Amino acid sequence: MLTTLQTAYSDTRAADLAWALGREPLPALAVLDLELDGAQLQLRLLGASHQVLLEEDGGTCSETVACIPGSSTPLPLGVAKQLGDWEYEFAARVETLSAGSFAGRAQELLALVTDHPHGLAGTFPGSPHAFTAMLAQRSDGQVQWRTWHAYPQEGQLVVTRTRVGVRVPVTAP
């Protein structure tokens, strides 16, 4: 699903993004509710930011990547945490591209997400390459999502990948 976000492009620097787990739902500009084999997933666009809410078998997970006022947790390269019976893994990277490469990559990503039944993308007024996009799937008993936050004025694309799944107990031989 592709939408034009009716807001000013405010999170204008990749370096301003922060990561948080467990935040309450924030006001969203666009929402996509999904059911993935028993898991309830909500993809939320918060301007140039995102929030994902997951609920399954009584467990919940809330991931937020946004410019969070007063946050002291910058966007990490990687996180691995245990959330109850779940394992949570998050990874992020920043791609810096030339203007031509950025435009091509933006078009590819928007086409990929727009045509996917579990995809949500929002573009901002004023620049066809200013967008936030999210894509979710369930594979091997795990819920996974990827996100892309585009900063065309910097030629930067923030890419995240998250995986949440039930922790498999290790048995002694």
# chains A, B, ... in the order shown; residues from 1 in each chain; ligands from 1
$ residues_around --residues "region 151-156 of chain A" --least-positions-apart "2" --cutoff "9 Å" --atoms "only C-alpha atoms" --output "VMD selection string"
chain A and resid 11 to 14 48 94 to 99 101 to 103 127 129 to 131 149 158
$ closest_atom_pairs --of "region 28-49 of chain A" --to "region 108-118 of chain A" --cutoff "10 Å" --atoms "only C-alpha atoms" --output "CSV"
residue,atom,partner,partner_atom,distance
A:Leu32,CA,A:His118,CA,8.1
A:Asp33,CA,A:His118,CA,8.9
A:Leu34,CA,A:His118,CA,7.1
A:Glu35,CA,A:His118,CA,9.5
A:Leu36,CA,A:His118,CA,9.2
A:Leu41,CA,A:His118,CA,9.9
A:Leu43,CA,A:His118,CA,9.0
$ select_by_dssp --residues "region 33-111 of chain A" --states "helix (DSSP H, G or I)" --output "PyMOL selection string"
chain A and resi 99-111
$ write_last_selection --atoms "C-alpha atoms" --output "mmCIF file, in the first residue's frame"
data_model
loop_
_atom_site.group_PDB
_atom_site.id
_atom_site.type_symbol
_atom_site.label_atom_id
_atom_site.label_comp_id
_atom_site.auth_asym_id
_atom_site.auth_seq_id
_atom_site.Cartn_x
_atom_site.Cartn_y
_atom_site.Cartn_z
ATOM 1 C CA ALA A 99 21.777 11.391 -6.447
ATOM 2 C CA GLY A 100 21.198 9.137 -9.477
ATOM 3 C CA SER A 101 21.649 5.923 -7.511
ATOM 4 C CA PHE A 102 19.395 7.226 -4.757
ATOM 5 C CA ALA A 103 16.561 7.994 -7.191
ATOM 6 C CA GLY A 104 16.803 4.528 -8.766
ATOM 7 C CA ARG A 105 16.936 2.762 -5.409
ATOM 8 C CA ALA A 106 13.945 4.795 -4.164
ATOM 9 C CA GLN A 107 11.878 3.784 -7.201
ATOM 10 C CA GLU A 108 12.811 0.093 -6.780
ATOM 11 C CA LEU A 109 11.925 0.048 -3.085
ATOM 12 C CA LEU A 110 8.641 1.892 -3.502
ATOM 13 C CA ALA A 111 7.614 -0.494 -6.302
#
$ select_by_dssp --residues "region 66-159 of chain A" --states "strand (DSSP E)" --output "PyMOL selection string"
chain A and resi 66+78-83+86-96+119-124+127-139+142-151+156-159
$ closest_residue --among "A:Leu21, A:Ala39, A:Val164, A:Leu45" --to "Gly119 (chain A)" --atoms "only C-alpha atoms"
A:Leu45
$ residues_around --residues "Ser49 (chain A)" --least-positions-apart "4" --cutoff "7 Å" --atoms "only C-alpha atoms" --output "mmCIF file with C-alpha atoms, in the first residue's frame"
data_model
loop_
_atom_site.group_PDB
_atom_site.id
_atom_site.type_symbol
_atom_site.label_atom_id
_atom_site.label_comp_id
_atom_site.auth_asym_id
_atom_site.auth_seq_id
_atom_site.Cartn_x
_atom_site.Cartn_y
_atom_site.Cartn_z
ATOM 1 C CA LEU A 45 4.215 5.233 9.668
ATOM 2 C CA VAL A 65 12.529 3.955 15.137
ATOM 3 C CA ALA A 66 11.974 7.704 15.207
ATOM 4 C CA THR A 132 9.345 5.627 4.673
#
$ closest_residue --among "A:Ala133, A:Phe90, A:Asp140, A:Pro125" --to "Arg163 (chain A)" --atoms "only C-alpha atoms"
A:Phe90
$ atom_distance --atom1 "CA of Ala20 (chain A)" --atom2 "CA of Gln51 (chain A)"
9.4 Å
$ residues_around --residues "Glu89 (chain A)" --least-positions-apart "2" --cutoff "6 Å" --atoms "only C-alpha atoms" --output "count of residues only"
4
$ residues_around --residues "Arg161 (chain A)" --least-positions-apart "6" --cutoff "6 Å" --atoms "only C-alpha atoms" --output "list of chain:residue names"
A:Phe90, A:Ala91, A:Trp145, A:Arg146
$ atom_distance --atom1 "CA of Leu26 (chain A)" --atom2 "CA of Gly141 (chain A)"
27.6 Å
$ atom_distance --atom1 "CA of Val31 (chain A)" --atom2 "CA of Cys61 (chain A)"
16.4 Å
$ residues_around --residues "Asp37 (chain A)" --least-positions-apart "6" --cutoff "12 Å" --atoms "only C-alpha atoms" --output "number ranges by chain"
A: 55-57, 137-143
$ write_last_selection --atoms "N, CA, C and O atoms" --output "compact mmCIF listing (two decimals), in the first residue's frame"
# COMPACT_ATOMS: atom_id res chain seq x y z
N GLU A 55 1.59 -8.73 18.35
CA GLU A 55 0.95 -9.46 19.43
C GLU A 55 0.72 -10.88 18.95
O GLU A 55 0.16 -11.11 17.88
N GLU A 56 1.17 -11.84 19.77
CA GLU A 56 1.00 -13.25 19.43
C GLU A 56 1.08 -14.09 20.69
O GLU A 56 1.99 -13.89 21.51
N ASP A 57 0.16 -15.01 20.83
CA ASP A 57 0.15 -15.94 21.97
C ASP A 57 0.37 -15.22 23.30
O ASP A 57 1.15 -15.67 24.14
N GLN A 137 6.75 -10.11 6.92
CA GLN A 137 6.49 -11.48 6.49
C GLN A 137 6.63 -12.41 7.69
O GLN A 137 7.18 -12.03 8.73
N ARG A 138 6.13 -13.61 7.51
CA ARG A 138 6.32 -14.66 8.52
C ARG A 138 7.01 -15.81 7.84
O ARG A 138 6.60 -16.24 6.76
N SER A 139 8.08 -16.29 8.47
CA SER A 139 8.86 -17.37 7.88
C SER A 139 9.47 -18.20 9.01
O SER A 139 10.01 -17.65 9.97
N ASP A 140 9.36 -19.51 8.88
CA ASP A 140 9.95 -20.43 9.86
C ASP A 140 9.53 -20.10 11.30
O ASP A 140 10.34 -20.12 12.22
N GLY A 141 8.25 -19.74 11.48
CA GLY A 141 7.75 -19.47 12.82
C GLY A 141 8.15 -18.12 13.38
O GLY A 141 7.87 -17.82 14.54
N GLN A 142 8.81 -17.30 12.59
CA GLN A 142 9.24 -15.99 13.06
C GLN A 142 8.54 -14.89 12.27
O GLN A 142 8.25 -15.06 11.08
N VAL A 143 8.29 -13.78 12.93
CA VAL A 143 7.76 -12.59 12.25
C VAL A 143 8.96 -11.70 11.96
O VAL A 143 9.80 -11.48 12.84
$ residues_around --residues "Thr4 (chain A)" --least-positions-apart "6" --cutoff "8 Å" --atoms "only C-alpha atoms" --output "ChimeraX atom specification"
/A:122-125
$ write_last_selection --atoms "all heavy atoms" --output "PDB file, in the first residue's frame"
ATOM      1  N   GLY A 122       4.932   5.377   2.620  1.00  0.00           N
ATOM      2  CA  GLY A 122       4.394   6.726   2.595  1.00  0.00           C
ATOM      3  C   GLY A 122       5.426   7.674   2.020  1.00  0.00           C
ATOM      4  O   GLY A 122       6.591   7.637   2.409  1.00  0.00           O
ATOM      5  N   THR A 123       4.988   8.485   1.060  1.00  0.00           N
ATOM      6  CA  THR A 123       5.862   9.508   0.493  1.00  0.00           C
ATOM      7  C   THR A 123       5.448  10.864   1.056  1.00  0.00           C
ATOM      8  O   THR A 123       4.316  11.055   1.500  1.00  0.00           O
ATOM      9  CB  THR A 123       5.771   9.536  -1.047  1.00  0.00           C
ATOM     10  OG1 THR A 123       4.419   9.766  -1.426  1.00  0.00           O
ATOM     11  CG2 THR A 123       6.262   8.225  -1.646  1.00  0.00           C
ATOM     12  N   PHE A 124       6.380  11.801   1.015  1.00  0.00           N
ATOM     13  CA  PHE A 124       6.150  13.122   1.576  1.00  0.00           C
ATOM     14  C   PHE A 124       5.964  14.143   0.470  1.00  0.00           C
ATOM     15  O   PHE A 124       6.628  14.057  -0.570  1.00  0.00           O
ATOM     16  CB  PHE A 124       7.336  13.521   2.459  1.00  0.00           C
ATOM     17  CG  PHE A 124       7.468  12.653   3.666  1.00  0.00           C
ATOM     18  CD1 PHE A 124       8.207  11.486   3.619  1.00  0.00           C
ATOM     19  CD2 PHE A 124       6.820  12.979   4.842  1.00  0.00           C
ATOM     20  CE1 PHE A 124       8.307  10.662   4.722  1.00  0.00           C
ATOM     21  CE2 PHE A 124       6.919  12.155   5.948  1.00  0.00           C
ATOM     22  CZ  PHE A 124       7.654  10.997   5.888  1.00  0.00           C
ATOM     23  N   PRO A 125       5.075  15.113   0.691  1.00  0.00           N
ATOM     24  CA  PRO A 125       4.892  16.170  -0.305  1.00  0.00           C
ATOM     25  C   PRO A 125       6.218  16.897  -0.550  1.00  0.00           C
ATOM     26  O   PRO A 125       6.995  17.109   0.378  1.00  0.00           O
ATOM     27  CB  PRO A 125       3.886  17.110   0.362  1.00  0.00           C
ATOM     28  CG  PRO A 125       3.215  16.305   1.414  1.00  0.00           C
ATOM     29  CD  PRO A 125       4.220  15.285   1.854  1.00  0.00           C
TER      30      PRO A 125
END
$ decode --residues "region 65-136 of chain A" --atoms "C-alpha atoms" --output "PDB file, in the first residue's frame"
ATOM      1  CA  VAL A  65      12.529   3.955  15.137  1.00  0.00           C
ATOM      2  CA  ALA A  66      11.974   7.704  15.207  1.00  0.00           C
ATOM      3  CA  CYS A  67      13.318  11.075  16.236  1.00  0.00           C
ATOM      4  CA  ILE A  68      12.363  10.686  19.886  1.00  0.00           C
ATOM      5  CA  PRO A  69      12.687  13.902  21.924  1.00  0.00           C
ATOM      6  CA  GLY A  70      14.883  13.339  24.956  1.00  0.00           C
ATOM      7  CA  SER A  71      15.960   9.872  23.824  1.00  0.00           C
ATOM      8  CA  SER A  72      19.483   8.858  24.718  1.00  0.00           C
ATOM      9  CA  THR A  73      19.370   5.673  22.635  1.00  0.00           C
ATOM     10  CA  PRO A  74      20.725   6.361  19.137  1.00  0.00           C
ATOM     11  CA  LEU A  75      19.995   3.990  16.294  1.00  0.00           C
ATOM     12  CA  PRO A  76      22.123   0.912  17.056  1.00  0.00           C
ATOM     13  CA  LEU A  77      23.824  -1.227  14.416  1.00  0.00           C
ATOM     14  CA  GLY A  78      22.433  -4.335  16.098  1.00  0.00           C
ATOM     15  CA  VAL A  79      20.427  -5.503  19.105  1.00  0.00           C
ATOM     16  CA  ALA A  80      19.622  -8.992  20.386  1.00  0.00           C
ATOM     17  CA  LYS A  81      17.247  -9.252  23.352  1.00  0.00           C
ATOM     18  CA  GLN A  82      15.100 -11.804  25.051  1.00  0.00           C
ATOM     19  CA  LEU A  83      11.485 -10.641  25.402  1.00  0.00           C
ATOM     20  CA  GLY A  84       9.740 -13.243  27.539  1.00  0.00           C
ATOM     21  CA  ASP A  85       9.694 -16.398  25.425  1.00  0.00           C
ATOM     22  CA  TRP A  86      10.783 -14.497  22.309  1.00  0.00           C
ATOM     23  CA  GLU A  87      14.124 -13.693  20.810  1.00  0.00           C
ATOM     24  CA  TYR A  88      14.255 -10.216  19.290  1.00  0.00           C
ATOM     25  CA  GLU A  89      16.936  -9.219  16.785  1.00  0.00           C
ATOM     26  CA  PHE A  90      17.306  -5.787  15.191  1.00  0.00           C
ATOM     27  CA  ALA A  91      19.909  -4.551  12.727  1.00  0.00           C
ATOM     28  CA  ALA A  92      20.338  -1.173  11.038  1.00  0.00           C
ATOM     29  CA  ARG A  93      22.652   0.337   8.476  1.00  0.00           C
ATOM     30  CA  VAL A  94      22.920   3.620   6.613  1.00  0.00           C
ATOM     31  CA  GLU A  95      23.534   3.554   2.865  1.00  0.00           C
ATOM     32  CA  THR A  96      24.962   6.706   1.277  1.00  0.00           C
ATOM     33  CA  LEU A  97      24.199   6.939  -2.440  1.00  0.00           C
ATOM     34  CA  SER A  98      24.808   9.361  -5.297  1.00  0.00           C
ATOM     35  CA  ALA A  99      21.777  11.391  -6.447  1.00  0.00           C
ATOM     36  CA  GLY A 100      21.198   9.137  -9.477  1.00  0.00           C
ATOM     37  CA  SER A 101      21.649   5.923  -7.511  1.00  0.00           C
ATOM     38  CA  PHE A 102      19.395   7.226  -4.757  1.00  0.00           C
ATOM     39  CA  ALA A 103      16.561   7.994  -7.191  1.00  0.00           C
ATOM     40  CA  GLY A 104      16.803   4.528  -8.766  1.00  0.00           C
ATOM     41  CA  ARG A 105      16.936   2.762  -5.409  1.00  0.00           C
ATOM     42  CA  ALA A 106      13.945   4.795  -4.164  1.00  0.00           C
ATOM     43  CA  GLN A 107      11.878   3.784  -7.201  1.00  0.00           C
ATOM     44  CA  GLU A 108      12.811   0.093  -6.780  1.00  0.00           C
ATOM     45  CA  LEU A 109      11.925   0.048  -3.085  1.00  0.00           C
ATOM     46  CA  LEU A 110       8.641   1.892  -3.502  1.00  0.00           C
ATOM     47  CA  ALA A 111       7.614  -0.494  -6.302  1.00  0.00           C
ATOM     48  CA  LEU A 112       8.561  -3.533  -4.174  1.00  0.00           C
ATOM     49  CA  VAL A 113       6.619  -2.380  -1.117  1.00  0.00           C
ATOM     50  CA  THR A 114       3.624  -0.933  -2.976  1.00  0.00           C
ATOM     51  CA  ASP A 115       2.962  -4.208  -4.814  1.00  0.00           C
ATOM     52  CA  HIS A 116       3.398  -6.421  -1.723  1.00  0.00           C
ATOM     53  CA  PRO A 117       0.289  -7.419   0.310  1.00  0.00           C
ATOM     54  CA  HIS A 118       2.253  -6.905   3.562  1.00  0.00           C
ATOM     55  CA  GLY A 119       3.865  -3.611   2.549  1.00  0.00           C
ATOM     56  CA  LEU A 120       3.203  -0.029   3.608  1.00  0.00           C
ATOM     57  CA  ALA A 121       4.953   3.021   2.178  1.00  0.00           C
ATOM     58  CA  GLY A 122       4.394   6.726   2.595  1.00  0.00           C
ATOM     59  CA  THR A 123       5.862   9.508   0.493  1.00  0.00           C
ATOM     60  CA  PHE A 124       6.150  13.122   1.576  1.00  0.00           C
ATOM     61  CA  PRO A 125       4.892  16.170  -0.305  1.00  0.00           C
ATOM     62  CA  GLY A 126       7.665  17.997  -2.118  1.00  0.00           C
ATOM     63  CA  SER A 127       9.996  15.110  -2.955  1.00  0.00           C
ATOM     64  CA  PRO A 128       9.118  11.831  -4.688  1.00  0.00           C
ATOM     65  CA  HIS A 129      12.188  10.257  -3.081  1.00  0.00           C
ATOM     66  CA  ALA A 130      11.385  11.245   0.524  1.00  0.00           C
ATOM     67  CA  PHE A 131       9.629   8.196   1.935  1.00  0.00           C
ATOM     68  CA  THR A 132       9.345   5.627   4.673  1.00  0.00           C
ATOM     69  CA  ALA A 133       8.539   2.045   3.678  1.00  0.00           C
ATOM     70  CA  MET A 134       7.878  -1.158   5.613  1.00  0.00           C
ATOM     71  CA  LEU A 135       7.510  -4.784   4.566  1.00  0.00           C
ATOM     72  CA  ALA A 136       6.539  -7.709   6.837  1.00  0.00           C
TER      73      ALA A 136
END
